[in-house]
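S.K.: I'm passing along coords31.txt; it holds compact mmCIF, C-alpha atoms.
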# COMPACT_ATOMS: atom_id res chain seq x y z
CA MET A 252 15.56 25.91 69.36
CA VAL A 253 14.36 29.49 69.53
CA TYR A 254 13.13 30.84 66.19
CA ALA A 255 11.21 33.76 64.75
CA ARG A 256 9.16 34.55 61.70
CA LEU A 257 9.92 37.79 59.91
CA GLY A 258 7.73 38.40 56.88
CA ASP A 259 7.83 35.17 54.91
CA ASP A 260 11.10 33.96 56.39
CA LEU A 261 11.76 31.60 59.28
CA LEU A 262 14.85 32.68 61.23
CA LEU A 263 17.18 30.41 63.21
CA HIS A 264 20.35 31.32 65.05
CA GLY A 265 23.27 29.67 66.75
CA ALA A 266 26.98 29.57 67.40
CA PRO A 267 29.06 29.15 64.21
CA ALA A 268 31.15 26.42 65.88
CA THR A 269 28.26 23.99 66.46
CA ARG A 270 27.92 21.19 63.94
CA LEU A 271 24.37 22.18 62.98
CA PHE A 272 25.33 25.75 62.14
CA ARG A 273 28.53 24.68 60.38
CA ASP A 274 26.36 22.45 58.16
CA LEU A 275 23.77 25.19 57.59
CA ARG A 276 26.43 27.62 56.35
CA THR A 277 26.59 25.83 53.01
CA GLY A 278 22.87 26.44 52.37
CA PRO A 279 21.43 22.91 52.33
CA GLU A 280 17.75 22.04 51.99
CA VAL A 281 16.38 21.71 55.53
CA CYS A 282 13.23 20.54 57.21
CA VAL A 283 12.10 22.38 60.36
CA THR A 284 9.21 21.18 62.51
CA VAL A 285 7.35 22.68 65.45
CA THR A 286 4.76 20.72 67.44
CA LEU A 287 2.49 21.81 70.28
CA VAL A 288 0.68 19.11 72.25
CA ASP A 289 -2.82 20.19 73.30
CA GLY A 290 -4.07 17.08 75.05
CA LEU A 291 -4.28 13.32 75.44
CA VAL A 292 -7.24 11.61 73.77
CA LEU A 293 -8.26 8.62 75.89
CA ALA A 294 -10.33 6.11 73.94
CA ARG A 295 -12.04 2.86 74.94
CA SER A 296 -9.27 0.78 73.31
CA ALA A 297 -5.52 1.32 73.54
CA PHE A 298 -5.35 1.31 69.73
CA ASN A 299 -7.53 4.42 69.42
CA HIS A 300 -5.67 6.49 71.99
CA THR A 301 -4.11 9.52 70.39
CA VAL A 302 -2.91 13.05 71.02
CA ASN A 303 -4.39 16.43 70.11
CA TYR A 304 -1.70 18.64 68.59
CA ARG A 305 -0.84 21.43 66.22
CA SER A 306 2.23 20.95 64.07
CA VAL A 307 3.95 22.57 61.15
CA VAL A 308 6.66 21.28 58.82
CA VAL A 309 8.71 23.72 56.75
CA PHE A 310 10.96 22.65 53.83
CA GLY A 311 13.38 24.97 52.14
CA PRO A 312 16.90 26.11 51.40
CA ALA A 313 18.79 27.40 54.45
CA ALA A 314 20.49 30.70 53.59
CA PRO A 315 22.92 32.38 56.00
CA LEU A 316 22.37 36.11 56.54
CA GLU A 317 25.64 37.83 55.68
CA GLY A 318 24.91 41.53 56.27
CA GLU A 319 25.51 42.90 59.74
CA GLU A 320 22.36 45.05 59.74
CA GLU A 321 20.08 42.25 58.55
CA ARG A 322 21.58 39.97 61.22
CA ARG A 323 20.87 42.62 63.86
CA VAL A 324 17.23 42.95 62.75
CA ALA A 325 16.84 39.15 62.67
CA LEU A 326 18.34 38.67 66.14
CA ASP A 327 16.06 41.35 67.60
CA ALA A 328 13.12 39.51 66.02
CA ILE A 329 14.26 36.25 67.65
CA THR A 330 14.56 37.93 71.07
CA ASP A 331 11.12 39.49 70.66
CA ARG A 332 9.65 36.15 69.57
CA LEU A 333 10.83 34.75 72.92
CA VAL A 334 9.53 37.71 74.95
CA PRO A 335 7.67 40.32 72.87
CA GLY A 336 8.99 43.80 73.57
CA ARG A 337 12.19 42.66 75.29
CA SER A 338 14.85 43.78 72.81
CA PRO A 339 14.41 47.57 73.30
CA SER A 340 15.04 47.14 77.04
CA LEU A 341 18.42 45.43 76.61
CA ARG A 342 22.01 46.56 76.28
CA PRO A 343 22.58 46.84 72.50
CA MET A 344 24.38 43.98 70.77
CA SER A 345 28.12 44.42 70.42
CA GLU A 346 30.07 43.93 67.20
CA LYS A 347 31.68 40.87 68.72
CA GLU A 348 28.30 39.31 69.57
CA LEU A 349 26.98 40.03 66.06
CA LYS A 350 30.04 38.43 64.50
CA GLY A 351 29.79 35.49 66.88
CA THR A 352 26.25 34.50 65.93
CA ARG A 353 25.18 32.75 62.76
CA VAL A 354 21.69 33.59 61.52
CA ILE A 355 19.93 31.34 59.01
CA ARG A 356 16.88 32.22 56.94
CA VAL A 357 14.53 29.58 55.59
CA PRO A 358 11.97 31.08 53.18
CA LEU A 359 8.44 29.89 53.92
CA VAL A 360 7.82 28.65 50.38
CA GLU A 361 6.85 25.09 51.21
CA ALA A 362 5.14 24.40 54.53
CA SER A 363 2.50 22.07 55.83
CA ALA A 364 0.36 22.53 58.93
CA LYS A 365 -1.62 19.81 60.64
CA ILE A 366 -4.08 20.07 63.51
CA SER A 367 -5.59 17.22 65.46
CA ALA A 368 -8.29 18.46 67.82
CA GLY A 369 -11.11 16.29 68.90
CA TRP A 370 -12.62 13.46 70.81
CA PRO A 371 -11.97 9.72 70.95
CA GLU A 372 -13.03 7.85 67.82
CA ASP A 373 -13.75 4.29 68.88
CA GLU A 374 -14.87 1.18 67.01
CA ASP A 375 -18.68 1.10 66.80
CA GLU A 376 -19.01 -1.90 69.13
CA ASP A 377 -16.70 -0.35 71.75
CA TYR A 378 -19.23 2.38 72.52
CA GLU A 379 -21.28 -0.29 74.28
CA LEU A 380 -18.54 -0.76 76.88
CA PRO A 381 -18.82 1.19 80.17
CA ILE A 382 -15.25 2.49 79.86
CA TRP A 383 -14.54 6.13 80.67
CA ALA A 384 -13.27 7.96 77.58
CA GLY A 385 -12.46 11.60 77.13
CA VAL A 386 -9.77 14.20 76.71
CA LEU A 387 -7.06 15.37 79.10
CA PRO A 388 -6.19 18.91 77.95
CA MET A 389 -2.55 19.97 78.25
CA ARG A 390 -1.09 23.46 78.10
CA THR A 391 2.10 25.28 78.95
CA VAL A 392 1.97 27.92 81.66
CA THR A 393 4.59 30.62 82.22
CA GLY A 394 5.58 32.45 85.37
CA PRO A 395 5.57 33.85 87.93
CA ALA A 396 8.74 35.72 86.97
CA LYS A 397 11.71 35.30 89.31
CA ALA A 398 14.07 38.25 89.64
CA ASP A 399 17.83 37.75 89.44
CA ARG A 400 19.43 38.46 92.82
CA ARG A 401 21.89 40.83 91.15
CA ASN A 402 19.15 43.15 89.83
CA HIS A 403 19.48 46.74 91.05
CA ASP A 404 17.18 47.82 93.86
CA GLY A 405 13.98 49.42 92.68
CA VAL A 406 13.99 47.92 89.17
CA PRO A 407 10.44 46.55 88.77
CA VAL A 408 9.42 43.54 86.70
CA PRO A 409 8.89 45.15 83.28
CA GLU A 410 5.51 45.15 81.59
CA HIS A 411 6.82 42.93 78.74
CA VAL A 412 7.72 40.27 81.32
CA ARG A 413 4.46 40.64 83.26
CA ALA A 414 2.59 40.15 79.97
CA MET A 415 4.19 36.70 79.62
CA GLU A 416 2.93 35.46 82.99
CA THR A 417 -0.01 33.11 82.71
CA ASP A 418 0.39 31.61 86.15
CA MET B 203 5.74 10.62 69.50
CA VAL B 204 4.56 8.60 72.47
CA TYR B 205 7.23 6.30 73.90
CA ALA B 206 7.94 4.16 76.94
CA ARG B 207 10.91 2.77 78.79
CA LEU B 208 10.78 -0.88 79.74
CA GLY B 209 13.85 -2.08 81.60
CA ASP B 210 16.79 -0.84 79.55
CA ASP B 211 14.85 -0.50 76.30
CA LEU B 212 13.18 2.52 74.78
CA LEU B 213 9.97 1.51 72.99
CA LEU B 214 8.40 3.29 70.01
CA HIS B 215 5.32 2.34 68.04
CA GLY B 216 3.49 3.27 64.88
CA ALA B 217 1.63 2.15 61.81
CA PRO B 218 3.68 -0.15 59.53
CA ALA B 219 2.67 1.89 56.46
CA THR B 220 4.26 5.16 57.61
CA ARG B 221 7.63 5.98 56.12
CA LEU B 222 9.33 6.20 59.51
CA PHE B 223 8.21 2.75 60.59
CA ARG B 224 8.93 1.25 57.16
CA ASP B 225 12.49 2.54 57.51
CA LEU B 226 12.80 1.31 61.12
CA ARG B 227 11.84 -2.24 60.10
CA THR B 228 15.30 -2.83 58.67
CA GLY B 229 16.96 -2.09 62.02
CA PRO B 230 18.98 1.07 61.29
CA GLU B 231 20.97 3.02 63.84
CA VAL B 232 18.68 5.76 65.16
CA CYS B 233 18.94 8.85 67.32
CA VAL B 234 15.98 9.68 69.58
CA THR B 235 15.75 12.94 71.52
CA VAL B 236 13.38 14.22 74.19
CA THR B 237 13.49 17.80 75.46
CA LEU B 238 11.52 19.50 78.23
CA VAL B 239 11.65 23.30 78.46
CA ASP B 240 11.63 24.54 82.06
CA GLY B 241 11.91 28.27 81.58
CA LEU B 242 13.21 31.31 79.75
CA VAL B 243 16.39 32.88 81.10
CA LEU B 244 16.25 36.63 80.53
CA ALA B 245 19.67 38.25 80.69
CA ARG B 246 20.81 41.87 80.44
CA SER B 247 22.00 41.36 76.85
CA ALA B 248 20.18 39.54 74.04
CA PHE B 249 23.30 37.41 73.50
CA ASN B 250 23.09 35.88 76.99
CA HIS B 251 19.40 35.00 76.83
CA THR B 252 18.91 31.26 77.03
CA VAL B 253 16.49 28.53 78.01
CA ASN B 254 16.40 26.18 80.99
CA TYR B 255 15.78 22.63 79.82
CA ARG B 256 16.28 18.94 80.39
CA SER B 257 17.13 16.84 77.36
CA VAL B 258 18.26 13.35 76.53
CA VAL B 259 19.72 11.89 73.35
CA VAL B 260 19.67 8.13 72.75
CA PHE B 261 21.71 6.41 70.02
CA GLY B 262 21.27 2.80 69.09
CA PRO B 263 20.11 0.10 66.72
CA ALA B 264 16.34 0.05 66.15
CA ALA B 265 15.05 -3.53 66.45
CA PRO B 266 11.46 -4.45 65.59
CA LEU B 267 9.67 -6.65 68.13
CA GLU B 268 8.47 -9.73 66.26
CA GLY B 269 6.69 -11.80 68.92
CA GLU B 270 3.02 -11.14 69.51
CA GLU B 271 3.29 -11.41 73.29
CA GLU B 272 6.28 -9.08 73.56
CA ARG B 273 4.47 -6.58 71.34
CA ARG B 274 1.44 -6.76 73.63
CA VAL B 275 3.57 -6.12 76.74
CA ALA B 276 5.35 -3.24 74.98
CA LEU B 277 2.11 -1.61 73.82
CA ASP B 278 0.63 -1.83 77.32
CA ALA B 279 3.80 -0.14 78.61
CA ILE B 280 3.38 2.66 76.05
CA THR B 281 -0.28 3.19 77.06
CA ASP B 282 0.68 3.24 80.72
CA ARG B 283 3.52 5.69 80.02
CA LEU B 284 0.88 8.06 78.61
CA VAL B 285 -1.56 7.54 81.51
CA PRO B 286 -0.23 5.27 84.27
CA GLY B 287 -2.74 2.56 85.14
CA ARG B 288 -4.89 3.02 82.03
CA SER B 289 -4.26 -0.25 80.15
CA PRO B 290 -6.09 -2.57 82.65
CA SER B 291 -9.26 -0.47 82.26
CA LEU B 292 -9.45 -0.85 78.48
CA ARG B 293 -10.96 -3.32 76.06
CA PRO B 294 -8.13 -5.84 75.37
CA MET B 295 -6.17 -5.43 72.14
CA SER B 296 -7.45 -7.48 69.23
CA GLU B 297 -5.28 -9.71 67.03
CA LYS B 298 -5.87 -7.31 64.18
CA GLU B 299 -4.70 -4.31 66.22
CA LEU B 300 -1.59 -6.18 67.36
CA LYS B 301 -0.76 -7.15 63.78
CA GLY B 302 -1.43 -3.59 62.63
CA THR B 303 1.09 -1.95 64.95
CA ARG B 304 4.84 -1.96 64.57
CA VAL B 305 6.83 -1.79 67.81
CA ILE B 306 10.49 -0.81 67.80
CA ARG B 307 12.99 -1.32 70.61
CA VAL B 308 16.08 0.85 71.01
CA PRO B 309 18.39 -0.51 73.71
CA LEU B 310 19.59 2.21 76.08
CA VAL B 311 23.27 1.44 75.56
CA GLU B 312 24.40 4.90 74.51
CA ALA B 313 22.57 7.90 75.88
CA SER B 314 23.43 11.41 76.94
CA ALA B 315 21.44 13.66 79.28
CA LYS B 316 21.88 17.40 79.60
CA ILE B 317 20.31 19.80 82.07
CA SER B 318 20.41 23.56 81.96
CA ALA B 319 18.92 25.06 85.13
CA GLY B 320 19.97 28.42 86.39
CA TRP B 321 20.09 32.15 86.29
CA PRO B 322 21.28 34.68 83.73
CA GLU B 323 25.04 34.78 83.28
CA ASP B 324 25.90 38.23 82.04
CA GLU B 325 29.14 39.95 81.09
CA ASP B 326 30.76 41.48 84.18
CA GLU B 327 30.17 45.06 83.05
CA ASP B 328 26.50 44.41 82.24
CA TYR B 329 25.67 43.89 85.92
CA GLU B 330 26.07 47.64 86.34
CA LEU B 331 23.08 48.27 84.06
CA PRO B 332 19.65 48.76 85.70
CA ILE B 333 18.05 46.16 83.40
CA TRP B 334 15.61 43.64 84.86
CA ALA B 335 16.97 40.11 84.51
CA GLY B 336 15.54 36.86 85.77
CA VAL B 337 13.83 33.62 84.91
CA LEU B 338 10.34 32.97 83.54
CA PRO B 339 9.54 29.39 84.64
CA MET B 340 7.50 27.27 82.22
CA ARG B 341 5.65 24.04 82.89
CA THR B 342 3.00 21.85 81.34
CA VAL B 343 -0.30 21.45 83.16
CA THR B 344 -2.84 18.73 82.49
CA GLY B 345 -6.58 18.69 82.97
CA PRO B 346 -9.29 19.08 84.01
CA ALA B 347 -10.46 15.88 82.29
CA LYS B 348 -13.34 16.27 79.83
CA ALA B 349 -15.69 13.32 79.49
CA ASP B 350 -16.72 12.03 76.06
CA ARG B 351 -20.42 12.70 75.45
CA ARG B 352 -20.92 9.05 74.53
CA ASN B 353 -19.77 7.75 77.95
CA HIS B 354 -22.38 5.66 79.75
CA ASP B 355 -24.33 7.35 82.54
CA GLY B 356 -22.82 6.83 85.97
CA VAL B 357 -19.25 6.03 84.78
CA PRO B 358 -17.06 8.27 86.96
CA VAL B 359 -13.71 9.76 85.96
CA PRO B 360 -11.34 6.93 86.93
CA GLU B 361 -8.68 7.40 89.56
CA HIS B 362 -5.87 6.92 86.98
CA VAL B 363 -7.26 9.91 85.04
CA ARG B 364 -7.81 12.03 88.18
CA ALA B 365 -4.19 11.37 89.12
CA MET B 366 -3.05 13.04 85.89
CA GLU B 367 -4.87 16.30 86.58
CA THR B 368 -2.58 19.05 87.73
CA ASP B 369 -4.99 21.86 86.92
Write out the structure in this file as structure tokens.

M.R.:
Amino acid sequence: MVYARLGDDLLLHGAPATRLFRDLRTGPEVCVTVTLVDGLVLARSAFNHTVNYRSVVVFGPAAPLEGEEERRVALDAITDRLVPGRSPSLRPMSEKELKGTRVIRVPLVEASAKISAGWPEDEDEDYELPIWAGVLPMRTVTGPAKADRRNHDGVPVPEHVRAMETD
Amino acid sequence: MVYARLGDDLLLHGAPATRLFRDLRTGPEVCVTVTLVDGLVLARSAFNHTVNYRSVVVFGPAAPLEGEEERRVALDAITDRLVPGRSPSLRPMSEKELKGTRVIRVPLVEASAKISAGWPEDEDEDYELPIWAGVLPMRTVTGPAKADRRNHDGVPVPEHVRAMETD
């Protein structure tokens, strides 16, 4: 799910008709997690194989945003979390779209981050074995951007899209 | 979480002391999901922005594997799901490691796959706007492998690790 952070709030959005967003309307306590995998840690035994990662767990009361203006600000933040700088280039949101999107705020009061970054940790005696151990780094690459065939002639790839390309 | 498929079973593993694997011991119905993000779909309106993805949802009864031999086969499958061909190169699992790992099977009886792969779908009138729309592909790359500093001299990067390198 796409999300954004605005100040000390986590913002989520979705269609009011989906079960998740129907349930969130009543303001339950929720748990939201995000995990990024940074690599595979290959040890000398299967048991000590692991993964390098960064993860965060957020607990808190889900609160729907009721005001139209605060929903508009939150949705722009979500768009710009996906592609920084994109929202000013778009056709403005319509009333119908604003009404048709539920936005949920989870205050970042209770959160826990965990990072695992390192090398294989084997049993002492296993270091004597001539087994190759190490780390296989993993990362997500983005791009190159592909233009929609219905774009107007002469509209270049915008700078905010170019800035996302890592590949 | 690392997982494997063996025949028509999904296999999960973990330490018996963790809350998740304590709960799974009693064989509850579980829901397991895997999602791969393939790209960002940038439309002419914020509302029509979306993500290309492949996801699967599996429902079923979690059943702990009790036999030592079936746990060994399952754990090898999980290692080889992470890095195909790795398990034969490792120090064999000890009795203690086998006893210290819970393995859970979820039969693939009820599962649902969903793929979103495509281009922006905008409102008819929005195609008249000179806004750049398109797709930003995303993919995960792996490698290059980094050797542990405690590897023995002359131990080359094995072929099963080389085969994982996409970068």

S.K.: What are the residues of chain A lining chain B at 6 Å or less? Count all atoms listed in the file, and put the answer as a list of chain:residue names.

M.R.: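 The selection requested is A:Arg295, A:Ser296, A:Leu341, A:Arg342, A:Pro381, A:Ala384, A:Gly385, A:Val386, A:Leu387, A:Pro388, A:Met389, A:Arg390, A:Thr391, A:Val392, A:Thr393, A:Gly394, A:Ala396, A:Lys397, A:Ala398, A:Asp399, A:His403.
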
S.K.: Could I have chain B as a CSV table (one decimal) with C-alpha atoms, keeping the file's coordinate frame after it is superimposed on chain A by least squares, pairing all C-alpha atoms in sequence order?

M.R.:
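Dumped everything to result_4.csv:
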chain,number,residue,atom,x,y,z
B,203,MET,CA,15.6,25.9,69.4
B,204,VAL,CA,14.4,29.5,69.5
B,205,TYR,CA,13.1,30.8,66.2
B,206,ALA,CA,11.2,33.8,64.7
B,207,ARG,CA,9.2,34.6,61.7
B,208,LEU,CA,9.9,37.8,59.9
B,209,GLY,CA,7.7,38.4,56.9
B,210,ASP,CA,7.8,35.2,54.9
B,211,ASP,CA,11.1,34.0,56.4
B,212,LEU,CA,11.8,31.6,59.3
B,213,LEU,CA,14.8,32.7,61.2
B,214,LEU,CA,17.2,30.4,63.2
B,215,HIS,CA,20.3,31.3,65.0
B,216,GLY,CA,23.3,29.7,66.8
B,217,ALA,CA,27.0,29.6,67.4
B,218,PRO,CA,29.1,29.2,64.2
B,219,ALA,CA,31.1,26.4,65.9
B,220,THR,CA,28.3,24.0,66.4
B,221,ARG,CA,27.9,21.2,63.9
B,222,LEU,CA,24.4,22.2,63.0
B,223,PHE,CA,25.3,25.8,62.1
B,224,ARG,CA,28.5,24.7,60.4
B,225,ASP,CA,26.4,22.5,58.1
B,226,LEU,CA,23.8,25.2,57.6
B,227,ARG,CA,26.4,27.6,56.3
B,228,THR,CA,26.6,25.8,53.0
B,229,GLY,CA,22.9,26.5,52.3
B,230,PRO,CA,21.4,22.9,52.3
B,231,GLU,CA,17.8,22.1,52.0
B,232,VAL,CA,16.4,21.7,55.5
B,233,CYS,CA,13.2,20.5,57.2
B,234,VAL,CA,12.1,22.4,60.3
B,235,THR,CA,9.2,21.2,62.5
B,236,VAL,CA,7.3,22.7,65.4
B,237,THR,CA,4.8,20.7,67.4
B,238,LEU,CA,2.5,21.8,70.3
B,239,VAL,CA,0.7,19.1,72.2
B,240,ASP,CA,-2.8,20.2,73.3
B,241,GLY,CA,-4.1,17.1,75.0
B,242,LEU,CA,-4.3,13.3,75.4
B,243,VAL,CA,-7.2,11.6,73.8
B,244,LEU,CA,-8.3,8.6,75.9
B,245,ALA,CA,-10.3,6.1,73.9
B,246,ARG,CA,-12.0,2.9,74.9
B,247,SER,CA,-9.3,0.8,73.3
B,248,ALA,CA,-5.5,1.3,73.6
B,249,PHE,CA,-5.3,1.3,69.8
B,250,ASN,CA,-7.5,4.4,69.4
B,251,HIS,CA,-5.7,6.5,72.0
B,252,THR,CA,-4.1,9.5,70.4
B,253,VAL,CA,-2.9,13.0,71.0
B,254,ASN,CA,-4.4,16.4,70.1
B,255,TYR,CA,-1.7,18.6,68.6
B,256,ARG,CA,-0.8,21.4,66.2
B,257,SER,CA,2.2,20.9,64.1
B,258,VAL,CA,3.9,22.6,61.1
B,259,VAL,CA,6.7,21.3,58.8
B,260,VAL,CA,8.7,23.7,56.7
B,261,PHE,CA,11.0,22.7,53.8
B,262,GLY,CA,13.4,25.0,52.1
B,263,PRO,CA,16.9,26.1,51.4
B,264,ALA,CA,18.8,27.4,54.4
B,265,ALA,CA,20.5,30.7,53.6
B,266,PRO,CA,22.9,32.4,56.0
B,267,LEU,CA,22.4,36.1,56.5
B,268,GLU,CA,25.6,37.8,55.7
B,269,GLY,CA,24.9,41.5,56.3
B,270,GLU,CA,25.5,42.9,59.8
B,271,GLU,CA,22.4,45.0,59.8
B,272,GLU,CA,20.1,42.3,58.6
B,273,ARG,CA,21.6,40.0,61.2
B,274,ARG,CA,20.9,42.6,63.9
B,275,VAL,CA,17.2,43.0,62.8
B,276,ALA,CA,16.9,39.2,62.7
B,277,LEU,CA,18.4,38.7,66.1
B,278,ASP,CA,16.1,41.4,67.6
B,279,ALA,CA,13.1,39.5,66.0
B,280,ILE,CA,14.3,36.3,67.6
B,281,THR,CA,14.6,37.9,71.1
B,282,ASP,CA,11.1,39.5,70.7
B,283,ARG,CA,9.7,36.2,69.6
B,284,LEU,CA,10.8,34.7,72.9
B,285,VAL,CA,9.5,37.7,74.9
B,286,PRO,CA,7.7,40.3,72.9
B,287,GLY,CA,9.0,43.8,73.6
B,288,ARG,CA,12.2,42.7,75.3
B,289,SER,CA,14.9,43.8,72.8
B,290,PRO,CA,14.4,47.6,73.3
B,291,SER,CA,15.1,47.1,77.1
B,292,LEU,CA,18.4,45.4,76.6
B,293,ARG,CA,22.0,46.5,76.3
B,294,PRO,CA,22.6,46.8,72.5
B,295,MET,CA,24.4,44.0,70.8
B,296,SER,CA,28.1,44.4,70.4
B,297,GLU,CA,30.1,43.9,67.2
B,298,LYS,CA,31.7,40.9,68.7
B,299,GLU,CA,28.3,39.3,69.6
B,300,LEU,CA,27.0,40.0,66.1
B,301,LYS,CA,30.1,38.4,64.5
B,302,GLY,CA,29.8,35.5,66.9
B,303,THR,CA,26.3,34.5,65.9
B,304,ARG,CA,25.2,32.8,62.8
B,305,VAL,CA,21.7,33.6,61.5
B,306,ILE,CA,19.9,31.3,59.0
B,307,ARG,CA,16.9,32.2,56.9
B,308,VAL,CA,14.5,29.6,55.6
B,309,PRO,CA,12.0,31.1,53.2
B,310,LEU,CA,8.4,29.9,53.9
B,311,VAL,CA,7.8,28.7,50.4
B,312,GLU,CA,6.8,25.1,51.2
B,313,ALA,CA,5.1,24.4,54.5
B,314,SER,CA,2.5,22.1,55.8
B,315,ALA,CA,0.4,22.5,58.9
B,316,LYS,CA,-1.6,19.8,60.6
B,317,ILE,CA,-4.1,20.0,63.5
B,318,SER,CA,-5.6,17.2,65.4
B,319,ALA,CA,-8.3,18.5,67.8
B,320,GLY,CA,-11.1,16.3,68.9
B,321,TRP,CA,-12.6,13.4,70.8
B,322,PRO,CA,-12.0,9.7,71.0
B,323,GLU,CA,-13.0,7.8,67.8
B,324,ASP,CA,-13.7,4.3,68.9
B,325,GLU,CA,-14.9,1.2,67.0
B,326,ASP,CA,-18.7,1.1,66.8
B,327,GLU,CA,-19.0,-1.9,69.2
B,328,ASP,CA,-16.7,-0.4,71.8
B,329,TYR,CA,-19.2,2.4,72.5
B,330,GLU,CA,-21.3,-0.3,74.3
B,331,LEU,CA,-18.5,-0.8,76.9
B,332,PRO,CA,-18.8,1.2,80.2
B,333,ILE,CA,-15.3,2.5,79.9
B,334,TRP,CA,-14.5,6.1,80.7
B,335,ALA,CA,-13.3,7.9,77.6
B,336,GLY,CA,-12.5,11.6,77.1
B,337,VAL,CA,-9.8,14.2,76.7
B,338,LEU,CA,-7.1,15.4,79.1
B,339,PRO,CA,-6.2,18.9,77.9
B,340,MET,CA,-2.6,20.0,78.2
B,341,ARG,CA,-1.1,23.5,78.1
B,342,THR,CA,2.1,25.3,78.9
B,343,VAL,CA,1.9,28.0,81.6
B,344,THR,CA,4.6,30.6,82.2
B,345,GLY,CA,5.6,32.5,85.3
B,346,PRO,CA,5.5,33.9,87.9
B,347,ALA,CA,8.7,35.7,87.0
B,348,LYS,CA,11.7,35.3,89.3
B,349,ALA,CA,14.0,38.2,89.7
B,350,ASP,CA,17.8,37.7,89.5
B,351,ARG,CA,19.4,38.4,92.9
B,352,ARG,CA,21.9,40.8,91.2
B,353,ASN,CA,19.1,43.1,89.9
B,354,HIS,CA,19.5,46.7,91.1
B,355,ASP,CA,17.2,47.8,93.9
B,356,GLY,CA,14.0,49.4,92.7
B,357,VAL,CA,14.0,47.9,89.2
B,358,PRO,CA,10.4,46.6,88.8
B,359,VAL,CA,9.4,43.5,86.7
B,360,PRO,CA,8.9,45.2,83.3
B,361,GLU,CA,5.5,45.2,81.6
B,362,HIS,CA,6.8,42.9,78.7
B,363,VAL,CA,7.7,40.3,81.3
B,364,ARG,CA,4.4,40.7,83.3
B,365,ALA,CA,2.6,40.2,80.0
B,366,MET,CA,4.2,36.7,79.6
B,367,GLU,CA,2.9,35.5,83.0
B,368,THR,CA,0.0,33.1,82.7
B,369,ASP,CA,0.4,31.6,86.1

S.K.: Quick one: distance from atom CA of A:Asp259 to atom CA of A:Leu359 in Å, one decimal?

M.R.: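 One can read the atom CA of A:Asp259 to atom CA of A:Leu359 distance as 5.4 Å.
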
S.K.: Just checking: using all atoms listed in the file, which residue out of A:Arg305, A:Arg356, A:Arg323, A:Lys350 ends up closest to A:Leu262?

M.R.: A:Arg356

S.K.: So the first atom is atom CA of A:Val281 and the second is atom CA of A:Val357; what is the distance between them in Å, to one decimal place?

M.R.: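 Here the two named atoms are 8.1 Å from each other.
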
S.K.: Please report the interatomic distance between atom CA of A:Val307 and atom CA of A:Ile366 in Å with one decimal.

M.R.: 8.7 Å

S.K.: Residues near B:Val260, anyone? I mean within 12 Å using only C-alpha atoms, not counting same-chain ones fewer than 3 positions away, as a PyMOL selection string.

M.R.: chain B and resi 207+210-213+231-237+257+263-264+307-316

S.K.: Using all atoms listed in the file, find the one residue out of B:Arg304, B:Arg273, B:Arg227, B:Arg283 that sits nearest to B:Ala206.

M.R.: B:Arg283

S.K.: The centre and edge lengths of an axis-aligned box containing all atoms of stretch 277-285 of chain B present in the file, extended by 3 Å on each side, are to be given in Å to one decimal, as AutoDock Vina command-line options.

M.R.:
--center_x 1.1 --center_y 3.1 --center_z 77.7 --size_x 11.4 --size_y 15.9 --size_z 13.7

S.K.: Identify the residues within 12 Å of coordinate (26.8, 27.8, 62.6) (same frame as the file), considering only C-alpha atoms, and give the answer as a list in words.

M.R.: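 Those residues lying close to the given coordinates are Leu263, His264, Gly265, Ala266, Pro267, Ala268, Thr269, Arg270, Leu271, Phe272, Arg273, Asp274, Leu275, Arg276, Thr277, Gly278, Ala313, Ala314, Pro315, Leu316, Lys350, Gly351, Thr352, Arg353, Val354 and Ile355 of chain A.
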